[in-house]
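Structure first, commentary second.
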Amino acid sequence: MSFDPASLVFSQPESATDIRASTVLPAHRENVEFRTEDGKLLVGELALPESGGISATLITLHPLPTHGGFMDSHVYRKASYRLPALAGVAVLRFNTRGTHSPRGTSQGHFDEGIGERYDVEAAVRFAVERGLPNRWLVGWSFGTELALMYGAVEPVASQVEGAVLLSPPLHRATDVHLKEWAASGKPLTVLVPEHDDYLQPAEAAERFSLVPQARVVGIDGAKHLWVGEKYAARVLDEIVDDVTEAGAGPDGLPRHWTGPVATAS
């Protein structure tokens, strides 16, 4: 059975709540579906601020599905739990073709990043059709390959502001794709864990030197999967700093919340 966002039960604590991994803050959440140009129906979730304007829209591209990546990979799940309330940021999460999560299974089969081009295009098209403003691609691991390969070329390039990359392996994405990003002039932020399994900060700085506008940030102590609240929170701070005018603030996003909360199972 598909996960129903309405199943979340919110309550009003008597005092401020520490924001932990399973803390869910208020948002308008809905299950969504959209179809690719090659006919695959993809499933996802859109989380919007409960009130006020949308400061930015994240179109998230998840890690490798053959190694456990899906729309609920923890950094993206926490983004959807927190950012609509804390920063007015809309978060679109979805399963690429053939990927399964509690939300459901997207049609098709994993295609090594080739057919997934249609998935990226469909997600961006959905965001445009919904009128979601200030759209940014956010890729993690395999998702960075999709962002790099397809984000700086049409039809996506003219529909997004830029991209934020988490733990890029640069396996499928090549210098050709980096040069396309350079030519686009679009902002590109690259968050690289100190202990990444595939590409560490010094090598990342060298590889991404092909993109003059790229900002490469090494994160001390972090690993490829950003395990630990300290590192997940740092990623969300960096994303909000990049994609919103107000940013996360000098001390980062709030780590406490006064208001209704739910707990994810």
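Chain identifiers are assigned as A, B, and so on, following the order in which chains appear in the structure tokens; residues are numbered from 1 within each chain, and ligands are numbered from 1 in order of appearance.
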task: Tell me which protein, DNA and RNA residues are within 8 Å of segment 218-221 of chain A, counting only C-alpha atoms, leaving out same-chain ones fewer than 6 positions away, and put them as a PyMOL selection string.
output: chain A and resi 191-195+200-201
Would you export the selected residues with C-alpha atoms as a PDB file, in the first residue's frame, please?
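Okay, again.pdb is ready:
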ATOM      1  CA  LEU A 191      29.380  19.162  -1.199  1.00  0.00           C
ATOM      2  CA  VAL A 192      32.140  16.583  -0.806  1.00  0.00           C
ATOM      3  CA  PRO A 193      32.605  14.447   2.319  1.00  0.00           C
ATOM      4  CA  GLU A 194      36.135  14.299   3.690  1.00  0.00           C
ATOM      5  CA  HIS A 195      35.991  10.495   3.773  1.00  0.00           C
ATOM      6  CA  GLN A 200      37.339  13.319  -1.922  1.00  0.00           C
ATOM      7  CA  PRO A 201      37.659  17.110  -1.625  1.00  0.00           C
TER       8      PRO A 201
END
Just asking: which residues within segment 53-263 of chain A are alpha helix (DSSP H) according to DSSP, as a short mmCIF file (atom, residue, chain, number, x, y, z; two decimals) with N, CA, C and O atoms, in the first residue's frame?
data_model
loop_
_atom_site.label_atom_id
_atom_site.label_comp_id
_atom_site.auth_asym_id
_atom_site.auth_seq_id
_atom_site.Cartn_x
_atom_site.Cartn_y
_atom_site.Cartn_z
N HIS A 74 17.85 9.26 3.38
CA HIS A 74 17.57 10.01 4.60
C HIS A 74 17.72 11.53 4.46
O HIS A 74 16.94 12.28 5.06
N VAL A 75 18.69 12.03 3.72
CA VAL A 75 18.83 13.48 3.60
C VAL A 75 17.60 14.09 2.94
O VAL A 75 17.10 15.14 3.37
N TYR A 76 17.08 13.42 1.92
CA TYR A 76 15.90 13.94 1.22
C TYR A 76 14.65 13.82 2.08
O TYR A 76 13.77 14.70 2.05
N ARG A 77 14.56 12.75 2.84
CA ARG A 77 13.42 12.60 3.75
C ARG A 77 13.43 13.74 4.78
O ARG A 77 12.39 14.36 5.04
N LYS A 78 14.61 14.02 5.33
CA LYS A 78 14.71 15.11 6.31
C LYS A 78 14.44 16.47 5.67
O LYS A 78 13.86 17.36 6.30
N ALA A 79 14.85 16.64 4.43
CA ALA A 79 14.54 17.88 3.72
C ALA A 79 13.03 18.08 3.63
O ALA A 79 12.52 19.18 3.90
N SER A 80 12.31 17.02 3.29
CA SER A 80 10.86 17.15 3.16
C SER A 80 10.20 17.32 4.52
O SER A 80 9.15 17.97 4.62
N TYR A 81 10.78 16.76 5.58
CA TYR A 81 10.23 16.90 6.92
C TYR A 81 10.40 18.33 7.45
O TYR A 81 9.58 18.80 8.23
N ARG A 82 11.49 19.00 7.06
CA ARG A 82 11.88 20.23 7.74
C ARG A 82 11.78 21.51 6.90
O ARG A 82 11.36 22.55 7.38
N LEU A 83 12.24 21.45 5.66
CA LEU A 83 12.47 22.68 4.92
C LEU A 83 11.22 23.47 4.57
O LEU A 83 11.28 24.71 4.53
N PRO A 84 10.06 22.83 4.32
CA PRO A 84 8.88 23.67 4.08
C PRO A 84 8.57 24.58 5.27
O PRO A 84 8.23 25.76 5.08
N ALA A 85 8.72 24.06 6.49
CA ALA A 85 8.41 24.85 7.68
C ALA A 85 9.54 25.80 8.06
O ALA A 85 9.29 26.93 8.46
N LEU A 86 10.78 25.34 7.94
CA LEU A 86 11.90 26.14 8.44
C LEU A 86 12.37 27.20 7.45
O LEU A 86 12.95 28.22 7.85
N ALA A 87 12.16 26.96 6.14
CA ALA A 87 12.74 27.86 5.14
C ALA A 87 11.80 28.19 4.00
O ALA A 87 12.22 28.86 3.05
N GLU A 116 17.01 7.44 -17.58
CA GLU A 116 16.66 8.35 -16.48
C GLU A 116 16.66 9.81 -16.92
O GLU A 116 16.14 10.67 -16.20
N ARG A 117 17.23 10.09 -18.08
CA ARG A 117 17.12 11.45 -18.61
C ARG A 117 15.65 11.87 -18.69
O ARG A 117 15.30 13.01 -18.33
N TYR A 118 14.80 10.95 -19.14
CA TYR A 118 13.37 11.27 -19.24
C TYR A 118 12.76 11.52 -17.86
O TYR A 118 11.82 12.30 -17.73
N ASP A 119 13.31 10.84 -16.84
CA ASP A 119 12.79 11.02 -15.48
C ASP A 119 13.10 12.43 -14.97
O ASP A 119 12.24 13.09 -14.37
N VAL A 120 14.34 12.87 -15.20
CA VAL A 120 14.72 14.22 -14.79
C VAL A 120 13.84 15.25 -15.51
O VAL A 120 13.30 16.17 -14.89
N GLU A 121 13.69 15.07 -16.80
CA GLU A 121 12.89 16.02 -17.59
C GLU A 121 11.44 16.04 -17.10
O GLU A 121 10.82 17.11 -17.01
N ALA A 122 10.89 14.88 -16.78
CA ALA A 122 9.50 14.80 -16.33
C ALA A 122 9.32 15.48 -14.98
O ALA A 122 8.31 16.16 -14.74
N ALA A 123 10.28 15.30 -14.07
CA ALA A 123 10.18 15.93 -12.76
C ALA A 123 10.24 17.45 -12.88
O ALA A 123 9.47 18.16 -12.22
N VAL A 124 11.13 17.94 -13.70
CA VAL A 124 11.24 19.39 -13.89
C VAL A 124 9.97 19.91 -14.56
O VAL A 124 9.44 20.96 -14.16
N ARG A 125 9.47 19.20 -15.54
CA ARG A 125 8.24 19.62 -16.22
C ARG A 125 7.08 19.68 -15.23
O ARG A 125 6.26 20.62 -15.26
N PHE A 126 7.00 18.69 -14.34
CA PHE A 126 5.94 18.69 -13.32
C PHE A 126 6.05 19.94 -12.45
O PHE A 126 5.04 20.60 -12.18
N ALA A 127 7.27 20.26 -12.01
CA ALA A 127 7.46 21.43 -11.15
C ALA A 127 7.06 22.72 -11.88
O ALA A 127 6.44 23.62 -11.29
N VAL A 128 7.39 22.79 -13.15
CA VAL A 128 7.03 23.97 -13.94
C VAL A 128 5.51 24.07 -14.07
O VAL A 128 4.92 25.14 -13.87
N GLU A 129 4.87 22.95 -14.40
CA GLU A 129 3.42 22.96 -14.59
C GLU A 129 2.68 23.27 -13.30
O GLU A 129 1.58 23.84 -13.34
N PHE A 142 24.48 8.89 -7.31
CA PHE A 142 23.96 8.68 -8.66
C PHE A 142 23.12 9.86 -9.13
O PHE A 142 23.16 10.23 -10.31
N GLY A 143 22.40 10.47 -8.22
CA GLY A 143 21.59 11.63 -8.59
C GLY A 143 22.43 12.81 -9.07
O GLY A 143 21.97 13.61 -9.88
N THR A 144 23.70 12.92 -8.61
CA THR A 144 24.56 13.98 -9.12
C THR A 144 24.92 13.73 -10.58
O THR A 144 25.11 14.68 -11.35
N GLU A 145 25.04 12.46 -10.94
CA GLU A 145 25.33 12.14 -12.34
C GLU A 145 24.18 12.61 -13.23
O GLU A 145 24.41 13.19 -14.30
N LEU A 146 22.95 12.37 -12.79
CA LEU A 146 21.80 12.80 -13.57
C LEU A 146 21.76 14.32 -13.68
O LEU A 146 21.48 14.87 -14.74
N ALA A 147 22.02 15.00 -12.56
CA ALA A 147 22.01 16.46 -12.58
C ALA A 147 23.07 17.00 -13.53
O ALA A 147 22.83 17.94 -14.30
N LEU A 148 24.26 16.42 -13.46
CA LEU A 148 25.35 16.91 -14.31
C LEU A 148 25.12 16.59 -15.78
O LEU A 148 25.40 17.42 -16.66
N MET A 149 24.59 15.41 -16.07
CA MET A 149 24.43 15.01 -17.47
C MET A 149 23.28 15.73 -18.15
O MET A 149 23.35 16.02 -19.35
N TYR A 150 22.22 16.05 -17.39
CA TYR A 150 21.00 16.54 -18.03
C TYR A 150 20.54 17.92 -17.56
O TYR A 150 19.63 18.49 -18.15
N ASP A 175 33.93 14.96 -18.33
CA ASP A 175 34.38 16.34 -18.53
C ASP A 175 33.48 17.07 -19.53
O ASP A 175 33.32 18.29 -19.45
N VAL A 176 32.90 16.32 -20.47
CA VAL A 176 31.99 16.94 -21.43
C VAL A 176 30.81 17.58 -20.70
O VAL A 176 30.42 18.72 -20.98
N HIS A 177 30.26 16.85 -19.73
CA HIS A 177 29.13 17.38 -18.97
C HIS A 177 29.55 18.56 -18.09
O HIS A 177 28.80 19.54 -17.95
N LEU A 178 30.75 18.48 -17.52
CA LEU A 178 31.24 19.59 -16.71
C LEU A 178 31.40 20.85 -17.57
O LEU A 178 31.08 21.96 -17.13
N LYS A 179 31.89 20.67 -18.78
CA LYS A 179 32.06 21.82 -19.67
C LYS A 179 30.70 22.39 -20.08
O LYS A 179 30.57 23.61 -20.29
N GLU A 180 29.68 21.54 -20.19
CA GLU A 180 28.33 22.05 -20.48
C GLU A 180 27.84 22.92 -19.33
O GLU A 180 27.21 23.97 -19.55
N TRP A 181 28.13 22.50 -18.09
CA TRP A 181 27.76 23.32 -16.94
C TRP A 181 28.52 24.62 -16.95
O TRP A 181 27.96 25.69 -16.66
N ALA A 182 29.81 24.56 -17.28
CA ALA A 182 30.60 25.79 -17.36
C ALA A 182 30.00 26.75 -18.36
O ALA A 182 29.84 27.95 -18.08
N ALA A 183 29.62 26.24 -19.53
CA ALA A 183 29.07 27.09 -20.58
C ALA A 183 27.71 27.66 -20.19
O ALA A 183 27.35 28.76 -20.59
N SER A 184 26.96 26.92 -19.38
CA SER A 184 25.63 27.41 -18.98
C SER A 184 25.71 28.60 -18.05
O SER A 184 24.79 29.42 -17.98
N PRO A 201 37.65 15.68 -1.31
CA PRO A 201 37.66 17.11 -1.63
C PRO A 201 38.77 17.59 -2.55
O PRO A 201 38.51 18.39 -3.47
N ALA A 202 40.00 17.15 -2.35
CA ALA A 202 41.10 17.66 -3.18
C ALA A 202 40.90 17.27 -4.64
O ALA A 202 41.07 18.09 -5.55
N GLU A 203 40.55 16.01 -4.87
CA GLU A 203 40.33 15.55 -6.25
C GLU A 203 39.09 16.23 -6.84
O GLU A 203 39.06 16.58 -8.03
N ALA A 204 38.06 16.41 -6.00
CA ALA A 204 36.85 17.07 -6.49
C ALA A 204 37.17 18.50 -6.94
O ALA A 204 36.68 18.95 -7.99
N ALA A 205 37.97 19.22 -6.16
CA ALA A 205 38.33 20.58 -6.54
C ALA A 205 39.04 20.60 -7.89
O ALA A 205 38.81 21.49 -8.72
N GLU A 206 39.89 19.60 -8.12
CA GLU A 206 40.60 19.52 -9.40
C GLU A 206 39.65 19.21 -10.55
O GLU A 206 39.68 19.87 -11.60
N ARG A 207 38.79 18.22 -10.34
CA ARG A 207 37.87 17.83 -11.42
C ARG A 207 36.90 18.96 -11.76
O ARG A 207 36.62 19.23 -12.93
N GLU A 229 23.13 13.01 12.33
CA GLU A 229 22.34 14.24 12.29
C GLU A 229 23.22 15.46 12.03
O GLU A 229 22.82 16.39 11.30
N LYS A 230 24.42 15.48 12.57
CA LYS A 230 25.34 16.61 12.37
C LYS A 230 25.57 16.87 10.89
O LYS A 230 25.54 18.04 10.45
N TYR A 231 25.76 15.80 10.13
CA TYR A 231 26.10 15.98 8.72
C TYR A 231 24.86 16.23 7.87
O TYR A 231 24.90 17.03 6.93
N ALA A 232 23.76 15.56 8.20
CA ALA A 232 22.52 15.83 7.46
C ALA A 232 22.09 17.28 7.65
O ALA A 232 21.69 17.96 6.69
N ALA A 233 22.19 17.78 8.88
CA ALA A 233 21.81 19.17 9.16
C ALA A 233 22.73 20.13 8.41
O ALA A 233 22.28 21.17 7.89
N ARG A 234 24.01 19.81 8.33
CA ARG A 234 24.96 20.67 7.60
C ARG A 234 24.58 20.73 6.12
O ARG A 234 24.62 21.81 5.49
N VAL A 235 24.22 19.59 5.54
CA VAL A 235 23.80 19.57 4.14
C VAL A 235 22.59 20.47 3.93
O VAL A 235 22.55 21.27 2.97
N LEU A 236 21.59 20.35 4.79
CA LEU A 236 20.38 21.17 4.63
C LEU A 236 20.70 22.65 4.78
O LEU A 236 20.15 23.48 4.05
N ASP A 237 21.58 22.99 5.71
CA ASP A 237 22.00 24.39 5.84
C ASP A 237 22.63 24.89 4.56
O ASP A 237 22.33 26.00 4.09
N GLU A 238 23.53 24.10 3.99
CA GLU A 238 24.23 24.52 2.77
C GLU A 238 23.24 24.69 1.61
O GLU A 238 23.34 25.63 0.82
N ILE A 239 22.30 23.77 1.51
CA ILE A 239 21.31 23.86 0.43
C ILE A 239 20.49 25.13 0.56
O ILE A 239 20.32 25.88 -0.41
N VAL A 240 19.98 25.38 1.76
CA VAL A 240 19.15 26.57 1.98
C VAL A 240 19.95 27.84 1.74
O VAL A 240 19.44 28.82 1.16
N ASP A 241 21.21 27.86 2.15
CA ASP A 241 22.05 29.03 1.87
C ASP A 241 22.15 29.29 0.38
O ASP A 241 22.17 30.45 -0.06
N ASP A 242 22.23 28.23 -0.41
CA ASP A 242 22.41 28.37 -1.85
C ASP A 242 21.14 28.78 -2.58
O ASP A 242 21.19 29.58 -3.51
N VAL A 243 20.01 28.21 -2.18
CA VAL A 243 18.82 28.33 -3.04
C VAL A 243 17.84 29.40 -2.59
O VAL A 243 16.91 29.71 -3.32
#
message: List the spatial neighbours of segment 36-50 of chain A as a ChimeraX atom specification - criterion: any atom at most 8 Å away, only C-alpha atoms, same-chain residues fewer than 5 positions off excluded.
response: /A:26-31,71,80,84-85,88-97,103-108,118-119,121-122
message: For a test of reading the model, state the distance in Å between atom CA of Ala152 of chain A and atom CA of Arg135 of chain A, rounded to one decimal.
response: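 Separating atom CA of Ala152 of chain A from atom CA of Arg135 of chain A is a distance of 13.3 Å.
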All residues 6 Å or closer to segment 161-172 of chain A, only C-alpha atoms, same chain fewer than 6 positions away omitted, as an MDAnalysis selection string: chainID A and resid 135:141 144 186:192 198:199 224
task: Have a look at atom CA of Ser55 of chain A and atom CA of Arg20 of chain A and let me know their distance in Å, one decimal.
output: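 Distance between the two atoms: 23.5 Å.
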Interatomic distance (Å, one decimal) between atom CA of Asp111 of chain A and atom CA of Val216 of chain A: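 Spanning atom CA of Asp111 of chain A to atom CA of Val216 of chain A is a straight-line distance of 28.6 Å.
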- request: With a distance cut-off of 12 Å and only C-alpha atoms, select the neighbouring residues of Thr258 of chain A, excluding the residue or stretch itself and same-chain residues fewer than 6 positions from it, and output the selection as JSON, numbers by chain.
  value: {"A": [11, 12, 13, 14, 15, 16, 17, 18, 19, 25, 26, 85, 86]}
With all heavy atoms retained, export the selected residues as a compact mmCIF listing (two decimals), in the first residue's frame.
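Saved to selection_22.txt:
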# COMPACT_ATOMS: atom_id res chain seq x y z
N SER A 11 0.84 16.68 16.94
CA SER A 11 0.40 17.10 18.28
C SER A 11 1.17 18.36 18.66
O SER A 11 2.20 18.68 18.06
CB SER A 11 0.65 15.98 19.30
OG SER A 11 2.04 15.68 19.38
N GLN A 12 0.67 19.06 19.67
CA GLN A 12 1.28 20.30 20.13
C GLN A 12 1.99 20.06 21.45
O GLN A 12 1.34 19.97 22.51
CB GLN A 12 0.23 21.39 20.29
CG GLN A 12 0.76 22.69 20.86
CD GLN A 12 1.74 23.38 19.93
OE1 GLN A 12 1.39 23.79 18.84
NE2 GLN A 12 2.99 23.52 20.37
N PRO A 13 3.31 19.93 21.45
CA PRO A 13 4.02 19.75 22.72
C PRO A 13 3.91 20.99 23.60
O PRO A 13 3.67 22.11 23.12
CB PRO A 13 5.48 19.52 22.27
CG PRO A 13 5.39 19.16 20.82
CD PRO A 13 4.21 19.88 20.28
N GLU A 14 4.15 20.81 24.87
CA GLU A 14 4.06 21.93 25.80
C GLU A 14 5.26 22.85 25.71
O GLU A 14 5.18 24.02 26.10
CB GLU A 14 3.93 21.40 27.24
CG GLU A 14 2.62 20.65 27.50
CD GLU A 14 2.51 20.19 28.93
OE1 GLU A 14 3.47 20.42 29.71
OE2 GLU A 14 1.47 19.61 29.29
N SER A 15 6.38 22.33 25.21
CA SER A 15 7.59 23.15 25.09
C SER A 15 8.23 22.89 23.73
O SER A 15 7.76 22.03 22.96
CB SER A 15 8.57 22.81 26.22
OG SER A 15 8.91 21.44 26.19
N ALA A 16 9.29 23.62 23.44
CA ALA A 16 9.97 23.46 22.17
C ALA A 16 10.48 22.03 22.00
O ALA A 16 10.89 21.38 22.96
CB ALA A 16 11.13 24.45 22.07
N THR A 17 10.44 21.56 20.76
CA THR A 17 10.85 20.19 20.43
C THR A 17 12.21 20.21 19.76
O THR A 17 12.46 20.99 18.84
CB THR A 17 9.84 19.56 19.46
OG1 THR A 17 8.54 19.57 20.06
CG2 THR A 17 10.24 18.13 19.11
N ASP A 18 13.12 19.35 20.22
CA ASP A 18 14.38 19.15 19.50
C ASP A 18 14.07 18.49 18.16
O ASP A 18 13.31 17.51 18.10
CB ASP A 18 15.33 18.25 20.29
CG ASP A 18 15.85 18.92 21.55
OD1 ASP A 18 15.82 20.17 21.61
OD2 ASP A 18 16.26 18.20 22.47
N ILE A 19 14.65 19.00 17.09
CA ILE A 19 14.44 18.42 15.77
C ILE A 19 15.40 17.25 15.60
O ILE A 19 16.62 17.43 15.54
CB ILE A 19 14.63 19.48 14.67
CG1 ILE A 19 13.60 20.59 14.82
CG2 ILE A 19 14.54 18.83 13.29
CD1 ILE A 19 13.79 21.74 13.86
N LEU A 25 7.83 18.27 10.65
CA LEU A 25 7.23 19.57 10.88
C LEU A 25 6.06 19.77 9.92
O LEU A 25 5.97 19.10 8.89
CB LEU A 25 8.27 20.67 10.70
CG LEU A 25 9.54 20.53 11.55
CD1 LEU A 25 10.47 21.72 11.33
CD2 LEU A 25 9.22 20.37 13.03
N PRO A 26 5.16 20.70 10.21
CA PRO A 26 3.97 20.87 9.37
C PRO A 26 4.31 21.28 7.94
O PRO A 26 5.25 22.04 7.68
CB PRO A 26 3.21 22.00 10.09
CG PRO A 26 3.68 21.95 11.50
CD PRO A 26 5.12 21.56 11.41
N ALA A 85 8.72 24.06 6.49
CA ALA A 85 8.41 24.85 7.68
C ALA A 85 9.54 25.80 8.06
O ALA A 85 9.29 26.93 8.46
CB ALA A 85 8.10 23.92 8.85
N LEU A 86 10.78 25.34 7.94
CA LEU A 86 11.90 26.14 8.44
C LEU A 86 12.37 27.20 7.45
O LEU A 86 12.95 28.22 7.85
CB LEU A 86 13.09 25.22 8.78
CG LEU A 86 12.88 24.23 9.92
CD1 LEU A 86 14.16 23.42 10.12
CD2 LEU A 86 12.48 24.94 11.20
Could you pull the residues within 8 Å of Ser22 of chain A, counting only C-alpha atoms, minus those fewer than 5 positions along the same chain, as a PDB file with all heavy atoms, in the first residue's frame?
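Everything below was put into around.pdb:
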ATOM      1  N   LYS A  78      14.611  14.024   5.329  1.00  0.00           N
ATOM      2  CA  LYS A  78      14.709  15.109   6.314  1.00  0.00           C
ATOM      3  C   LYS A  78      14.442  16.468   5.669  1.00  0.00           C
ATOM      4  O   LYS A  78      13.860  17.364   6.302  1.00  0.00           O
ATOM      5  CB  LYS A  78      16.088  15.070   6.983  1.00  0.00           C
ATOM      6  CG  LYS A  78      16.262  13.850   7.876  1.00  0.00           C
ATOM      7  CD  LYS A  78      17.700  13.636   8.293  1.00  0.00           C
ATOM      8  CE  LYS A  78      17.833  12.335   9.069  1.00  0.00           C
ATOM      9  NZ  LYS A  78      19.234  11.957   9.330  1.00  0.00           N
ATOM     10  N   THR A 263       5.838  12.384  14.405  1.00  0.00           N
ATOM     11  CA  THR A 263       7.006  11.511  14.410  1.00  0.00           C
ATOM     12  C   THR A 263       6.832  10.472  13.314  1.00  0.00           C
ATOM     13  O   THR A 263       5.807   9.777  13.258  1.00  0.00           O
ATOM     14  CB  THR A 263       7.178  10.812  15.759  1.00  0.00           C
ATOM     15  OG1 THR A 263       7.341  11.809  16.788  1.00  0.00           O
ATOM     16  CG2 THR A 263       8.412   9.908  15.748  1.00  0.00           C
ATOM     17  N   ALA A 264       7.813  10.395  12.421  1.00  0.00           N
ATOM     18  CA  ALA A 264       7.752   9.420  11.330  1.00  0.00           C
ATOM     19  C   ALA A 264       8.068   8.038  11.866  1.00  0.00           C
ATOM     20  O   ALA A 264       8.898   7.874  12.775  1.00  0.00           O
ATOM     21  CB  ALA A 264       8.746   9.795  10.245  1.00  0.00           C
ATOM     22  N   SER A 265       7.387   7.058  11.312  1.00  0.00           N
ATOM     23  CA  SER A 265       7.627   5.677  11.767  1.00  0.00           C
ATOM     24  C   SER A 265       8.887   5.135  11.122  1.00  0.00           C
ATOM     25  O   SER A 265       9.356   5.639  10.115  1.00  0.00           O
ATOM     26  CB  SER A 265       6.435   4.806  11.396  1.00  0.00           C
ATOM     27  OG  SER A 265       6.190   4.848  10.010  1.00  0.00           O
TER      28      SER A 265
END
